Amino acid sequence: MAKDIVEKIITLFHEQGNSEYGGEPVTQGEHALQTAHLALIEKSSTSLVIASLLHDVGHLLHALPDDAPEQGIDDLHEELGYRFLIKYFTSAVSEPVRLHVAAKRYLCAVEPTYFALLSDPSVISLHLQGGPMSAEECQVFESNYYHKEAIQLRRYDDMAKVPNLAVKPIEFYASLLRKHLK
Ligand SMILES: [Fe+2]
C-alpha cells in the first residue's frame, strides 16, 4: 500500500532532518521538533503545535544549499511549505506556516526589543525577506485571520535553536498530524 502523507512526513524528517539549519547550532529536524515542543509546553492549540512542527518543511523540500541566505538567495521556504501543506492540512496549520516569515518582519516593525532577539542567520534572511514591515504592510498583516497564531509560532521558532535539547521524536506527533488532515 502506498505510504500516506503522515508516513511520508515522518520519512522526510528522517531522511532530510539532519541537514544544517542555515548557520544555526541545530539541525533542521532538531529545530522543527523543538519548535513543536515549545508550542506543546505552552499549551498552544494542537493545530499550532502541528504548524510549529511543519513551519520549515519548505527547507526540507527544496534542493537549494543550506546556506542559501548567506549567498544572497531567499529560498521562499514559507511559500513552498505552504503550497505543500495546503494540499493535505487544514488552514489552521497551513496559514501560520505561510505567515511565519511575515510575522518576523511584523515584529521587527512593532516591537522595539524583538530585533535584538534574532540570531545572526535570522538577521541575514530578514534583509532578503524585505526587512521590517512598513506601517501599511503591518495593517495588511493584522488583517490576516491567523496572524496571531503566526506571531506565536514565530516566537517558538526564534527560541528553538538550543543544541542537544531532549525532545519527543517525530513519531510522537503522528496522531496529531492525522487529526489535522483535511
Ligand atoms: Fe524556523
# chains A, B, ... in the order shown; residues from 1 in each chain; ligands from 1
>>> residues_near_ligand(ligand="ligand 1", cutoff="8 Å", atoms="only C-alpha atoms and all ligand atoms", output="PyMOL selection string")
chain A and resi 31-32+35+55-56+154+157-158+160
>>> write_last_selection(atoms="C-alpha atoms", output="PDB file, in the first residue's frame")
ATOM      1  CA  HIS A  31      14.729  22.879  15.136  1.00  0.00           C
ATOM      2  CA  ALA A  32      11.325  21.640  13.965  1.00  0.00           C
ATOM      3  CA  THR A  35       9.512  24.477  17.880  1.00  0.00           C
ATOM      4  CA  HIS A  55       6.735  25.555   9.703  1.00  0.00           C
ATOM      5  CA  ASP A  56      10.086  24.971   7.971  1.00  0.00           C
ATOM      6  CA  ARG A 154       7.446  32.889  15.293  1.00  0.00           C
ATOM      7  CA  ASP A 157      10.676  29.409  16.114  1.00  0.00           C
ATOM      8  CA  ASP A 158      13.132  32.013  17.427  1.00  0.00           C
ATOM      9  CA  ALA A 160      14.033  26.643  19.080  1.00  0.00           C
TER      10      ALA A 160
END
>>> residues_around(residues="stretch 6-13 of chain A", least_positions_apart="5", cutoff="10 Å", atoms="only C-alpha atoms", output="list in words")
Asn18, Ser19, Gln28, Gly29, Glu30, Ala32, Leu33, Leu54, Val57, Leu60, Leu61, Tyr88, Pro169, Ile170, Glu171, Tyr173, Ala174, Ser175, Leu176, Leu177, Arg178 and Leu181 of chain A
>>> closest_atom_pairs(of="stretch 139-174 of chain A", to="stretch 37-52 of chain A", cutoff="7 Å", atoms="only C-alpha atoms", output="CSV")
residue,atom,partner,partner_atom,distance
A:Glu149,CA,A:Leu48,CA,6.9
A:Leu153,CA,A:Ser52,CA,5.9
A:Tyr156,CA,A:Leu38,CA,5.9
A:Val167,CA,A:His37,CA,6.6
>>> write_last_selection(atoms="N, CA, C and O atoms", output="PDB file, in the first residue's frame")
ATOM      1  N   GLU A 149      -1.657  33.564  15.499  1.00  0.00           N
ATOM      2  CA  GLU A 149      -1.022  32.243  15.554  1.00  0.00           C
ATOM      3  C   GLU A 149       0.378  32.303  14.914  1.00  0.00           C
ATOM      4  O   GLU A 149       1.324  31.695  15.409  1.00  0.00           O
ATOM      5  N   LEU A 153       3.802  31.336  16.672  1.00  0.00           N
ATOM      6  CA  LEU A 153       4.712  30.362  16.041  1.00  0.00           C
ATOM      7  C   LEU A 153       6.121  30.963  15.914  1.00  0.00           C
ATOM      8  O   LEU A 153       7.122  30.322  16.201  1.00  0.00           O
ATOM      9  N   TYR A 156       8.101  30.816  19.095  1.00  0.00           N
ATOM     10  CA  TYR A 156       8.654  29.472  19.341  1.00  0.00           C
ATOM     11  C   TYR A 156       9.834  29.224  18.402  1.00  0.00           C
ATOM     12  O   TYR A 156      10.872  28.709  18.813  1.00  0.00           O
ATOM     13  N   VAL A 167      13.922  16.270  23.178  1.00  0.00           N
ATOM     14  CA  VAL A 167      12.518  16.496  22.795  1.00  0.00           C
ATOM     15  C   VAL A 167      11.931  15.198  22.255  1.00  0.00           C
ATOM     16  O   VAL A 167      12.656  14.250  21.972  1.00  0.00           O
TER      17      VAL A 167
END
>>> closest_residue(among="A:Lys161, A:Leu126, A:Leu118, A:Ala109", to="A:Gln139", atoms="only C-alpha atoms")
A:Ala109
>>> select_by_dssp(residues="stretch 8-150 of chain A", states="helix (DSSP H, G or I)", output="ChimeraX atom specification")
/A:8-16,28-41,46-54,57-61,68-71,77-85,91-110,115-117,120-128,135-142,147-150
>>> closest_residue(among="A:Ile86, A:Met159, A:Val93, A:Ile73", to="A:Lys179", atoms="only C-alpha atoms")
A:Val93
>>> atom_distance(atom1="atom CA of A:Ile124", atom2="atom CA of A:Gly72")
8.6 Å
>>> atom_distance(atom1="atom CA of A:Gly22", atom2="atom CA of A:Ser94")
22.6 Å
>>> select_by_dssp(residues="chain A", states="strand (DSSP E or B)", output="list in words")
Glu20, Thr27, Phe89 and Leu181 of chain A
>>> closest_atom_pairs(of="stretch 55-124 of chain A", to="stretch 128-131 of chain A", cutoff="12 Å", atoms="only C-alpha atoms", output="Markdown table")
| residue | atom | partner | partner_atom | distance |
| --- | --- | --- | --- | --- |
| A:Ala68 | CA | A:Leu128 | CA | 10.5 |
| A:Pro69 | CA | A:Leu128 | CA | 7.3 |
| A:Glu70 | CA | A:Leu128 | CA | 9.7 |
| A:Gln71 | CA | A:Leu128 | CA | 10.3 |
| A:Gly72 | CA | A:Leu128 | CA | 7.0 |
| A:Ile73 | CA | A:Leu128 | CA | 7.3 |
| A:Asp74 | CA | A:Leu128 | CA | 5.8 |
| A:Asp75 | CA | A:Leu128 | CA | 9.4 |
| A:Leu76 | CA | A:Gln129 | CA | 8.4 |
| A:His77 | CA | A:Gln129 | CA | 10.9 |
| A:Glu78 | CA | A:Gln129 | CA | 10.7 |
| A:Glu79 | CA | A:Gln129 | CA | 12.0 |
| A:His100 | CA | A:Gln129 | CA | 11.4 |
| A:Val101 | CA | A:Gln129 | CA | 7.7 |
| A:Ala102 | CA | A:Gln129 | CA | 8.4 |
| A:Ala103 | CA | A:Gln129 | CA | 11.2 |
| A:Lys104 | CA | A:Gly131 | CA | 8.9 |
| A:Arg105 | CA | A:Gly131 | CA | 6.0 |
| A:Tyr106 | CA | A:Gly131 | CA | 9.1 |
| A:Leu107 | CA | A:Gly131 | CA | 10.6 |
| A:Cys108 | CA | A:Gly131 | CA | 8.0 |
| A:Ala109 | CA | A:Gly131 | CA | 8.8 |
| A:Phe115 | CA | A:Gly131 | CA | 10.6 |
| A:Pro121 | CA | A:Leu128 | CA | 11.0 |
| A:Ser122 | CA | A:Leu128 | CA | 9.9 |
| A:Val123 | CA | A:Gly131 | CA | 8.8 |
| A:Ile124 | CA | A:Leu128 | CA | 6.9 |
>>> closest_residue(among="A:Leu80, A:Ser119, A:Gly17, A:Pro65", to="A:Leu53", atoms="only C-alpha atoms")
A:Gly17
